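Here is the file target10.cif (mmCIF, C-alpha atoms).
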data_start
loop_
_atom_site.label_atom_id
_atom_site.label_comp_id
_atom_site.auth_asym_id
_atom_site.auth_seq_id
_atom_site.Cartn_x
_atom_site.Cartn_y
_atom_site.Cartn_z
CA MET A 1 -18.81 50.37 -7.84
CA ASP A 2 -19.86 49.31 -4.30
CA LYS A 3 -23.60 49.31 -3.63
CA ILE A 4 -25.43 49.24 -0.27
CA SER A 5 -29.17 48.43 -0.13
CA HIS A 6 -31.71 47.76 2.61
CA SER A 7 -34.61 45.25 2.50
CA ASN A 8 -37.45 44.75 5.04
CA GLY A 9 -35.55 46.58 7.72
CA SER A 10 -32.64 44.15 7.66
CA ASP A 11 -29.16 45.44 6.88
CA LYS A 12 -28.09 44.05 3.52
CA ARG A 13 -24.77 45.05 1.99
CA GLU A 14 -23.90 44.07 -1.55
CA LEU A 15 -20.47 44.73 -2.96
CA SER A 16 -20.10 44.16 -6.71
CA ILE A 17 -16.74 43.85 -8.45
CA PRO A 18 -15.79 42.32 -11.83
CA GLY A 19 -16.07 38.51 -11.72
CA LEU A 20 -17.17 38.37 -8.07
CA GLU A 21 -20.35 39.28 -6.17
CA TRP A 22 -20.18 39.45 -2.39
CA THR A 23 -23.50 39.55 -0.51
CA LYS A 24 -23.66 39.82 3.26
CA GLU A 25 -27.03 38.99 4.80
CA ASP A 26 -28.35 37.54 8.07
CA GLY A 27 -24.92 36.61 9.42
CA GLU A 28 -23.82 34.83 6.22
CA VAL A 29 -21.77 35.81 3.22
CA LEU A 30 -22.88 34.62 -0.22
CA ILE A 31 -20.02 34.62 -2.74
CA SER A 32 -20.94 34.30 -6.42
CA LEU A 33 -18.16 33.91 -8.98
CA SER A 34 -18.77 34.84 -12.60
CA GLY A 35 -17.08 36.17 -15.68
CA SER A 36 -13.72 35.02 -16.98
CA TRP A 37 -11.31 33.46 -14.46
CA SER A 38 -8.09 32.82 -16.32
CA LEU A 39 -4.42 33.41 -15.72
CA SER A 40 -4.30 35.88 -18.61
CA CYS A 41 -7.21 38.01 -17.36
CA PRO A 42 -5.93 41.56 -16.61
CA GLU A 43 -8.57 42.06 -13.89
CA ARG A 44 -7.57 38.95 -11.94
CA GLN A 45 -5.00 40.66 -9.72
CA ARG A 46 -7.45 43.48 -8.97
CA VAL A 47 -10.08 40.95 -7.96
CA LEU A 48 -7.62 39.21 -5.66
CA ARG A 49 -6.69 42.50 -3.95
CA ARG A 50 -10.35 43.37 -3.41
CA TRP A 51 -10.92 39.83 -2.10
CA GLN A 52 -8.37 40.36 0.67
CA SER A 53 -10.05 43.63 1.59
CA LEU A 54 -13.49 42.00 1.73
CA ILE A 55 -12.17 39.16 3.89
CA ARG A 56 -10.92 41.65 6.46
CA GLN A 57 -14.36 43.29 6.56
CA ALA A 58 -16.04 39.91 7.17
CA SER A 59 -13.96 38.86 10.18
CA ASP A 60 -17.11 38.52 12.30
CA ILE A 61 -18.91 36.23 9.83
CA GLU A 62 -19.01 32.47 10.61
CA VAL A 63 -20.70 31.02 7.51
CA PHE A 64 -19.66 31.48 3.87
CA ARG A 65 -21.38 30.09 0.78
CA ILE A 66 -19.45 29.87 -2.51
CA SER A 67 -21.13 29.30 -5.89
CA CYS A 68 -20.55 30.02 -9.58
CA THR A 69 -22.79 31.28 -12.32
CA GLU A 70 -23.56 28.91 -15.19
CA ASP A 71 -21.77 31.05 -17.78
CA ILE A 72 -18.46 31.26 -15.90
CA ALA A 73 -15.26 30.68 -17.90
CA TRP A 74 -12.35 29.32 -15.88
CA ASP A 75 -9.00 27.58 -15.80
CA THR A 76 -6.66 26.50 -12.97
CA SER A 77 -6.60 30.01 -11.55
CA LEU A 78 -10.18 29.53 -10.32
CA VAL A 79 -9.29 26.17 -8.76
CA ILE A 80 -6.39 27.76 -6.86
CA PHE A 81 -8.55 30.72 -5.78
CA VAL A 82 -11.41 28.57 -4.44
CA ARG A 83 -9.05 26.08 -2.80
CA ASN A 84 -7.17 28.87 -1.00
CA ALA A 85 -10.43 30.51 0.02
CA ILE A 86 -11.77 27.29 1.52
CA ASP A 87 -8.50 26.58 3.34
CA GLY A 88 -8.43 30.12 4.70
CA PHE A 89 -11.97 29.90 6.05
CA GLU A 90 -11.45 26.45 7.56
CA SER A 91 -8.19 27.50 9.23
CA GLU A 92 -10.18 30.20 11.10
CA LYS A 93 -12.83 27.62 12.13
CA LYS A 94 -15.45 29.13 9.82
CA LYS A 95 -18.06 27.06 7.99
CA VAL A 96 -17.93 26.85 4.21
CA HIS A 97 -20.79 25.61 2.03
CA LEU A 98 -20.45 25.05 -1.70
CA GLY A 99 -23.37 25.80 -3.95
CA PHE A 100 -23.44 25.34 -7.72
CA LEU A 101 -19.96 24.58 -9.09
CA PRO A 102 -19.00 23.06 -12.46
CA GLU A 103 -18.33 19.30 -12.25
CA GLY A 104 -14.76 19.72 -13.42
CA LEU A 105 -14.10 22.31 -10.73
CA LYS A 106 -15.55 20.02 -8.04
CA THR A 107 -13.31 17.15 -9.17
CA LEU A 108 -10.18 19.29 -9.15
CA LEU A 109 -11.02 20.65 -5.70
CA ILE A 110 -11.38 17.12 -4.34
CA ILE A 111 -8.09 16.02 -5.90
CA SER A 112 -6.26 19.05 -4.56
CA LYS A 113 -7.63 18.42 -1.07
CA GLU A 114 -6.61 14.75 -1.09
CA ARG A 115 -3.14 15.59 -2.33
CA LYS A 116 -2.66 18.26 0.31
CA THR A 117 -3.90 15.88 3.00
CA ASN A 118 -1.52 13.12 1.89
CA GLN A 119 1.41 15.52 1.70
CA GLY A 120 0.72 16.67 5.25
CA LYS A 121 0.74 13.16 6.69
CA THR A 122 3.72 11.86 8.59
CA GLU A 123 5.20 8.42 8.08
CA LEU A 124 3.52 7.17 11.25
CA GLU A 125 0.15 8.44 10.02
CA ASP A 126 0.66 6.61 6.72
CA ILE A 127 1.45 3.39 8.61
CA ALA A 128 -1.62 3.89 10.80
CA ASP A 129 -3.81 4.39 7.71
CA ASP A 130 -2.41 1.22 6.13
CA LEU A 131 -3.07 -0.76 9.32
CA GLU A 132 -6.59 0.62 9.52
CA LYS A 133 -7.28 -0.36 5.92
CA PHE A 134 -5.80 -3.83 6.46
CA THR A 135 -7.91 -4.35 9.59
CA ALA A 136 -11.06 -3.28 7.76
CA ASP A 137 -10.29 -5.73 4.92
CA ILE A 138 -9.55 -8.72 7.19
CA PRO A 139 -13.05 -10.23 6.77
CA ASN A 140 -12.59 -10.15 2.98
CA TYR A 141 -9.35 -12.12 3.26
CA PHE A 142 -11.34 -15.04 4.69
CA VAL A 143 -14.90 -14.63 3.44
CA LYS A 144 -14.22 -14.12 -0.28
CA PRO A 145 -11.87 -17.12 -0.69
CA ILE A 146 -14.35 -19.37 1.13
CA GLU A 147 -17.19 -18.14 -1.09
CA PHE A 148 -15.04 -18.71 -4.18
CA ILE A 149 -14.09 -22.27 -3.14
CA GLY A 150 -17.72 -23.02 -2.35
CA ALA A 151 -18.77 -21.79 -5.80
CA VAL A 152 -16.09 -23.97 -7.43
CA ILE A 153 -17.31 -27.03 -5.49
CA ILE A 154 -20.90 -26.37 -6.58
CA ALA A 155 -19.77 -25.94 -10.20
CA SER A 156 -17.85 -29.24 -9.97
CA LEU A 157 -20.95 -31.04 -8.70
CA GLU A 158 -22.96 -29.55 -11.55
CA LEU A 159 -20.33 -30.84 -13.99
CA ILE A 160 -20.57 -34.34 -12.53
CA SER A 161 -24.37 -34.25 -12.72
CA GLY A 162 -24.29 -33.00 -16.31
CA LYS A 163 -25.84 -29.59 -15.56
CA SER A 164 -22.74 -27.47 -16.05
CA VAL A 165 -22.35 -24.83 -18.75
CA MET A 166 -18.64 -25.62 -19.09
CA ARG A 167 -17.66 -26.26 -22.69
CA PHE A 168 -15.44 -29.25 -23.38
CA GLY A 169 -13.60 -27.29 -26.08
CA ASP A 170 -12.52 -24.71 -23.49
CA PHE A 171 -11.16 -27.49 -21.30
CA ILE A 172 -9.15 -28.97 -24.21
CA GLU A 173 -7.72 -25.55 -25.11
CA SER A 174 -6.77 -24.86 -21.48
CA ALA A 175 -5.19 -28.32 -21.22
CA ARG A 176 -3.11 -27.63 -24.32
CA LYS A 177 -1.91 -24.31 -22.92
CA CYS A 178 -1.16 -25.84 -19.51
CA GLY A 179 0.40 -29.04 -20.82
CA ALA A 180 1.95 -29.20 -24.27
CA SER A 181 2.82 -25.49 -24.40
CA ALA A 182 4.73 -25.79 -21.12
CA LEU A 183 6.97 -28.67 -22.25
CA PRO A 184 9.90 -26.52 -23.47
CA ILE A 185 10.38 -24.60 -20.21
CA VAL A 186 9.74 -27.71 -18.09
CA THR A 187 12.32 -29.62 -20.15
CA LEU A 188 14.97 -26.94 -19.72
CA ILE A 189 14.46 -26.39 -15.99
CA SER A 190 14.18 -30.09 -15.14
CA PHE A 191 17.26 -31.07 -17.14
CA LEU A 192 19.35 -28.32 -15.54
CA THR A 193 18.04 -29.27 -12.09
CA GLY A 194 19.11 -32.90 -12.53
CA LEU A 195 22.42 -31.73 -13.96
CA THR A 196 23.09 -29.44 -11.00
CA MET A 197 22.18 -32.03 -8.39
CA ALA A 198 24.51 -34.54 -10.04
CA PHE A 199 27.42 -32.10 -10.01
CA VAL A 200 26.84 -31.09 -6.38
CA GLY A 201 26.33 -34.69 -5.25
CA SER A 202 29.42 -35.96 -7.01
CA VAL A 203 31.65 -33.51 -5.12
CA GLN A 204 30.50 -34.86 -1.77
CA LEU A 205 30.25 -38.55 -2.71
CA GLU A 206 33.71 -38.54 -4.24
CA LYS A 207 35.12 -38.07 -0.72
CA PHE A 208 33.73 -41.51 0.17
CA ASN A 209 34.57 -43.09 -3.19
CA ALA A 210 30.84 -43.57 -3.79
CA LYS A 211 30.18 -41.49 -6.87
CA ILE A 212 27.91 -44.13 -8.34
CA TYR A 213 25.31 -43.18 -5.73
CA VAL A 214 24.82 -39.94 -7.63
CA ALA A 215 22.21 -41.92 -9.58
CA ASP A 216 20.35 -42.65 -6.34
CA LEU A 217 20.58 -39.04 -5.25
CA VAL A 218 19.28 -37.57 -8.49
CA SER A 219 16.51 -40.09 -9.07
CA LEU A 220 15.11 -40.01 -5.53
CA ALA A 221 15.32 -36.23 -5.29
CA MET A 222 13.55 -35.75 -8.60
CA VAL A 223 10.66 -38.19 -8.08
CA ARG A 224 10.12 -37.37 -4.41
CA GLU A 225 10.60 -33.65 -4.30
CA MET A 226 12.21 -31.63 -7.06
CA GLY A 227 10.08 -32.78 -9.98
CA ALA A 228 6.75 -31.75 -8.45
CA LEU A 229 8.20 -28.66 -6.79
CA MET A 230 9.90 -27.31 -9.90
CA VAL A 231 6.84 -27.94 -12.06
CA GLY A 232 4.67 -26.23 -9.45
CA ILE A 233 6.87 -23.13 -9.40
CA ILE A 234 7.07 -23.03 -13.20
CA MET A 235 3.32 -23.34 -13.60
CA ALA A 236 2.68 -20.71 -10.93
CA GLY A 237 4.82 -18.18 -12.78
CA ARG A 238 3.63 -19.19 -16.23
CA THR A 239 0.04 -20.45 -16.07
CA GLY A 240 -1.20 -19.03 -12.76
CA ALA A 241 -0.19 -15.54 -13.84
CA SER A 242 -1.83 -16.14 -17.23
CA PHE A 243 -5.13 -17.13 -15.59
CA ALA A 244 -5.09 -14.03 -13.39
CA ALA A 245 -4.31 -11.78 -16.36
CA GLU A 246 -6.99 -13.31 -18.62
CA LEU A 247 -9.81 -13.19 -16.07
CA GLY A 248 -8.69 -9.82 -14.69
CA ASN A 249 -8.76 -8.32 -18.18
CA MET A 250 -12.22 -9.77 -18.76
CA LYS A 251 -13.41 -8.15 -15.53
CA LEU A 252 -11.76 -4.88 -16.56
CA ASN A 253 -13.71 -4.97 -19.83
CA GLU A 254 -16.92 -5.90 -17.94
CA GLU A 255 -17.20 -9.21 -19.80
CA ILE A 256 -17.73 -11.13 -16.56
CA ASP A 257 -20.55 -8.75 -15.56
CA SER A 258 -22.14 -9.32 -18.97
CA MET A 259 -22.04 -13.09 -18.43
CA ARG A 260 -23.79 -12.72 -15.09
CA THR A 261 -26.40 -10.49 -16.77
CA PHE A 262 -27.17 -13.29 -19.26
CA GLY A 263 -27.41 -15.83 -16.42
CA ILE A 264 -24.14 -17.62 -17.24
CA SER A 265 -22.05 -18.67 -14.26
CA PRO A 266 -18.48 -17.30 -14.63
CA ILE A 267 -17.24 -20.02 -12.27
CA SER A 268 -18.53 -22.83 -14.48
CA PHE A 269 -17.74 -21.12 -17.78
CA LEU A 270 -14.34 -19.59 -17.02
CA VAL A 271 -12.82 -20.95 -13.80
CA LEU A 272 -13.74 -24.64 -13.95
CA PRO A 273 -12.13 -25.53 -17.32
CA ARG A 274 -8.89 -23.76 -16.40
CA ALA A 275 -8.61 -25.19 -12.89
CA LEU A 276 -9.54 -28.70 -14.05
CA ALA A 277 -7.06 -28.60 -16.93
CA LEU A 278 -4.20 -27.53 -14.66
CA PHE A 279 -5.23 -30.09 -12.04
CA LEU A 280 -4.88 -32.91 -14.59
CA MET A 281 -1.87 -31.62 -16.55
CA THR A 282 0.42 -30.92 -13.58
CA PRO A 283 0.91 -34.64 -12.66
CA LEU A 284 1.73 -35.49 -16.28
CA LEU A 285 4.26 -32.67 -16.43
CA THR A 286 5.72 -33.89 -13.13
CA LEU A 287 6.30 -37.40 -14.50
CA TYR A 288 7.91 -35.86 -17.57
CA ALA A 289 10.07 -33.61 -15.38
CA ASP A 290 11.20 -36.64 -13.33
CA ILE A 291 12.39 -38.42 -16.48
CA VAL A 292 14.14 -35.34 -17.87
CA GLY A 293 15.84 -34.67 -14.52
CA ILE A 294 17.14 -38.24 -14.38
CA LEU A 295 18.47 -37.79 -17.92
CA GLY A 296 20.27 -34.68 -16.71
CA GLY A 297 21.96 -36.74 -14.01
CA LEU A 298 22.72 -39.44 -16.57
CA THR A 299 24.49 -36.85 -18.74
CA VAL A 300 26.80 -35.89 -15.87
CA GLY A 301 27.33 -39.54 -14.91
CA THR A 302 28.35 -40.65 -18.39
CA VAL A 303 30.23 -37.54 -19.59
CA VAL A 304 31.94 -36.31 -16.43
CA MET A 305 32.18 -39.42 -14.21
CA ASN A 306 32.76 -41.89 -17.06
CA PHE A 307 30.01 -44.30 -15.98
CA SER A 308 28.33 -46.38 -18.64
CA ALA A 309 24.71 -45.50 -19.38
CA VAL A 310 23.63 -49.07 -18.57
CA HIS A 311 25.40 -49.03 -15.19
CA TYR A 312 23.88 -45.64 -14.30
CA LEU A 313 20.36 -46.69 -15.27
CA GLU A 314 20.66 -49.95 -13.34
CA GLN A 315 21.67 -48.00 -10.24
CA THR A 316 18.72 -45.67 -10.78
CA GLN A 317 16.37 -48.65 -11.07
CA SER A 318 17.69 -50.17 -7.86
CA ALA A 319 17.09 -46.85 -6.06
CA LEU A 320 13.45 -46.71 -7.18
CA THR A 321 12.42 -50.08 -5.77
CA HIS A 322 9.17 -48.78 -4.32
CA MET A 323 6.60 -47.15 -6.57
CA TRP A 324 5.49 -45.02 -3.64
CA GLU A 325 8.52 -42.85 -4.34
CA VAL A 326 6.91 -41.89 -7.65
CA TYR A 327 3.35 -41.80 -6.33
CA SER A 328 4.24 -39.36 -3.55
CA GLY A 329 5.54 -36.81 -6.03
CA VAL A 330 2.53 -37.25 -8.30
CA THR A 331 0.16 -36.87 -5.33
CA LYS A 332 1.79 -33.60 -4.34
CA SER A 333 1.67 -32.35 -7.92
CA LEU A 334 -2.12 -32.86 -8.00
CA ILE A 335 -2.53 -30.53 -5.02
CA PHE A 336 0.01 -28.08 -6.45
CA GLY A 337 -1.95 -27.89 -9.71
CA LEU A 338 -5.21 -27.32 -7.85
CA ILE A 339 -3.64 -24.56 -5.75
CA ILE A 340 -2.21 -22.76 -8.77
CA GLY A 341 -5.44 -22.99 -10.76
CA LEU A 342 -7.68 -21.77 -7.95
CA VAL A 343 -5.37 -18.98 -6.80
CA GLY A 344 -4.82 -17.69 -10.34
CA CYS A 345 -8.53 -17.70 -11.15
CA TYR A 346 -9.46 -16.17 -7.77
CA LYS A 347 -7.02 -13.30 -8.20
CA GLY A 348 -8.30 -12.65 -11.71
CA MET A 349 -11.97 -12.77 -10.71
CA ASN A 350 -11.37 -10.38 -7.81
CA SER A 351 -9.07 -7.98 -9.62
CA GLY A 352 -9.72 -4.25 -9.56
CA ARG A 353 -11.09 -2.33 -12.50
CA ASP A 354 -7.93 -0.54 -13.63
CA SER A 355 -4.61 -1.56 -15.14
CA ALA A 356 -2.65 -0.99 -11.92
CA ALA A 357 -4.96 -3.31 -9.97
CA LEU A 358 -4.68 -5.91 -12.73
CA GLY A 359 -0.88 -5.86 -12.46
CA LYS A 360 -1.10 -6.28 -8.68
CA SER A 361 -3.46 -9.24 -9.10
CA VAL A 362 -1.08 -11.01 -11.49
CA THR A 363 1.88 -10.46 -9.16
CA SER A 364 -0.15 -11.55 -6.15
CA ALA A 365 -1.29 -14.72 -7.96
CA VAL A 366 2.33 -15.81 -8.50
CA VAL A 367 3.50 -14.94 -4.98
CA VAL A 368 0.53 -16.53 -3.21
CA SER A 369 0.68 -19.67 -5.36
CA ILE A 370 4.38 -20.26 -4.70
CA THR A 371 3.89 -19.60 -0.99
CA PHE A 372 1.03 -22.10 -0.75
CA ILE A 373 3.03 -24.64 -2.75
CA ILE A 374 5.96 -24.45 -0.32
CA VAL A 375 3.63 -24.70 2.68
CA ALA A 376 1.76 -27.65 1.15
CA ASP A 377 5.05 -29.39 0.33
CA ALA A 378 6.23 -29.02 3.92
CA LEU A 379 2.92 -30.40 5.20
CA PHE A 380 3.16 -33.37 2.85
CA GLU A 381 6.68 -34.19 4.01
CA THR A 382 5.60 -33.95 7.65
CA ILE A 383 2.62 -36.25 7.08
CA PHE A 384 4.66 -38.77 5.08
CA SER A 385 7.30 -38.88 7.79
CA TYR A 386 4.72 -39.25 10.55
CA LEU A 387 3.01 -42.10 8.69
CA GLU A 388 6.45 -43.66 7.99
CA LEU A 389 5.86 -43.64 4.26
CA ARG A 390 9.53 -42.84 3.59
#

Would you give me this structure, written as structure tokens?
Amino acid sequence: MDKISHSNGSDKRELSIPGLEWTKEDGEVLISLSGSWSLSCPERQRVLRRWQSLIRQASDIEVFRISCTEDIAWDTSLVIFVRNAIDGFESEKKKVHLGFLPEGLKTLLIISKERKTNQGKTELEDIADDLEKFTADIPNYFVKPIEFIGAVIIASLELISGKSVMRFGDFIESARKCGASALPIVTLISFLTGLTMAFVGSVQLEKFNAKIYVADLVSLAMVREMGALMVGIIMAGRTGASFAAELGNMKLNEEIDSMRTFGISPISFLVLPRALALFLMTPLLTLYADIVGILGGLTVGTVVMNFSAVHYLEQTQSALTHMWEVYSGVTKSLIFGLIIGLVGCYKGMNSGRDSAALGKSVTSAVVVSITFIIVADALFETIFSYLELR
């Protein structure tokens, strides 16, 4: 039943209906929700009809306050009701203030608002939001990597001075995972690479009756370029991703935060042994890949081209007259290993705190590592050519 009361000479109208109290006072409307708000409630439709009637009576009101009693029982019907009420008020340029609401109801209201906002955006608005976010994050793209590299340099100096907390056992374990455990995949890829280059080279050299120079082609290509490059790509996809996943999972489980709480440097304890192991193992894998690739070319030379193994190996030896051919590939592999180790650890250390962000960090570690490897390889070739080291 509707009730009208007066207090201190001011007009105060109070309308009471099941589950909803509507109080109009001093130019504001106070809306208090109570009772049982559920889809199965038989009074729900009646309340909604009375709500529309009350809204029409309050067309001159500019401020509305919505709150709930502590004993309210609700399901999604209350979320829909409050969301529609807020949208209706805001569409008429009226102010809405929320008082006491259950935490779950507040969360669902926020989610529903964000979803409705995103659904209402055009493609151009989405692009503009992405550009705005990218522009805001530009400083992080430069500042964080520099801070990370600086921390690694400091940790390396502490290791040299004997003050590091890095454990030698962790370094040995990382070296085993980076080195010996990678031999099967490096063997397969390197052998097939040498095999393929020999087949492709023989087709062209046969036109000049110079098939024996396949040995020169395969050996020089492997030691100068393909050995280091293939190992770098393999290690980026295999080990760099592993580093990002391991450290990202540790951050997700708050293990890295716990280490900082106990005063243990995560850079010295986690990053340094992994990066150092990959830095030292990559050149060894490159030398191994060079040998396996040459053996792949030897297989084609002896089986397909009917050269003797001795003749093929002698031609290979004559092609590698300067040890710089080998040193150049090993030098590049050192930098490739450092790039992969640092990028993988950086992406893991700066991963988000959910599984989706962890997956993005692992993918980003592989993509960024391979990109930097290709760029570094091109820079090396340019420098070697400029210095006439070829």

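Note that atom CA of Gly232 of chain A and atom CA of Leu284 of chain A are 11.9 Å apart.
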
Got a sec to resolve the PyMOL selection byres ((chain A and resi 286) around 8) on this structure and send the residues as number ranges by chain?
A: 227-228, 231, 282-285, 287-290, 329-330, 333

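Each of A:Ala245, A:Ile294, A:Met166, A:Ile110 was checked against Ala356 of chain A using all atoms listed in the file; the smallest atom-to-atom distance is that of A:Ala245.
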
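Distance check against Leu109 of chain A using only C-alpha atoms: of A:Asp87, A:Glu225, A:Glu314, A:Glu388, the minimum falls on A:Asp87.
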
For the file shown, report as an MDAnalysis selection string the outcome of the PyMOL selection byres ((chain A and resi 31) around 8) at residue level.
chainID A and resid 20:23 29:30 32:33 64:67

With C-alpha atoms kept, could you save the residues just selected as a PDB file, in the coordinates of the input?
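Printed below is result.pdb as written:
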ATOM      1  CA  LEU A  20     -17.170  38.370  -8.070  1.00  0.00           C
ATOM      2  CA  GLU A  21     -20.350  39.280  -6.170  1.00  0.00           C
ATOM      3  CA  TRP A  22     -20.180  39.450  -2.390  1.00  0.00           C
ATOM      4  CA  THR A  23     -23.500  39.550  -0.510  1.00  0.00           C
ATOM      5  CA  VAL A  29     -21.770  35.810   3.220  1.00  0.00           C
ATOM      6  CA  LEU A  30     -22.880  34.620  -0.220  1.00  0.00           C
ATOM      7  CA  SER A  32     -20.940  34.300  -6.420  1.00  0.00           C
ATOM      8  CA  LEU A  33     -18.160  33.910  -8.980  1.00  0.00           C
ATOM      9  CA  PHE A  64     -19.660  31.480   3.870  1.00  0.00           C
ATOM     10  CA  ARG A  65     -21.380  30.090   0.780  1.00  0.00           C
ATOM     11  CA  ILE A  66     -19.450  29.870  -2.510  1.00  0.00           C
ATOM     12  CA  SER A  67     -21.130  29.300  -5.890  1.00  0.00           C
TER      13      SER A  67
END

Mind checking which residues fall within 10 Å of Glu246 of chain A, counting only C-alpha atoms, ignoring those fewer than 3 positions away in the same chain, and posting them as a ChimeraX atom specification?
/A:241-243,249-252,270,344-345,348-349,358,362

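Using only C-alpha atoms, the nearest neighbour of Trp74 of chain A within the list A:Gly99, A:Gly19, A:Gly352, A:Pro184 is A:Gly19.
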
Applied to this file, what does the PyMOL selection byres ((chain A and resi 73) around 6) return in terms of residues, put as a PDB file with C-alpha atoms, in the coordinates of the input?
ATOM      1  CA  SER A  36     -13.720  35.020 -16.980  1.00  0.00           C
ATOM      2  CA  TRP A  37     -11.310  33.460 -14.460  1.00  0.00           C
ATOM      3  CA  ILE A  72     -18.460  31.260 -15.900  1.00  0.00           C
ATOM      4  CA  TRP A  74     -12.350  29.320 -15.880  1.00  0.00           C
TER       5      TRP A  74
END
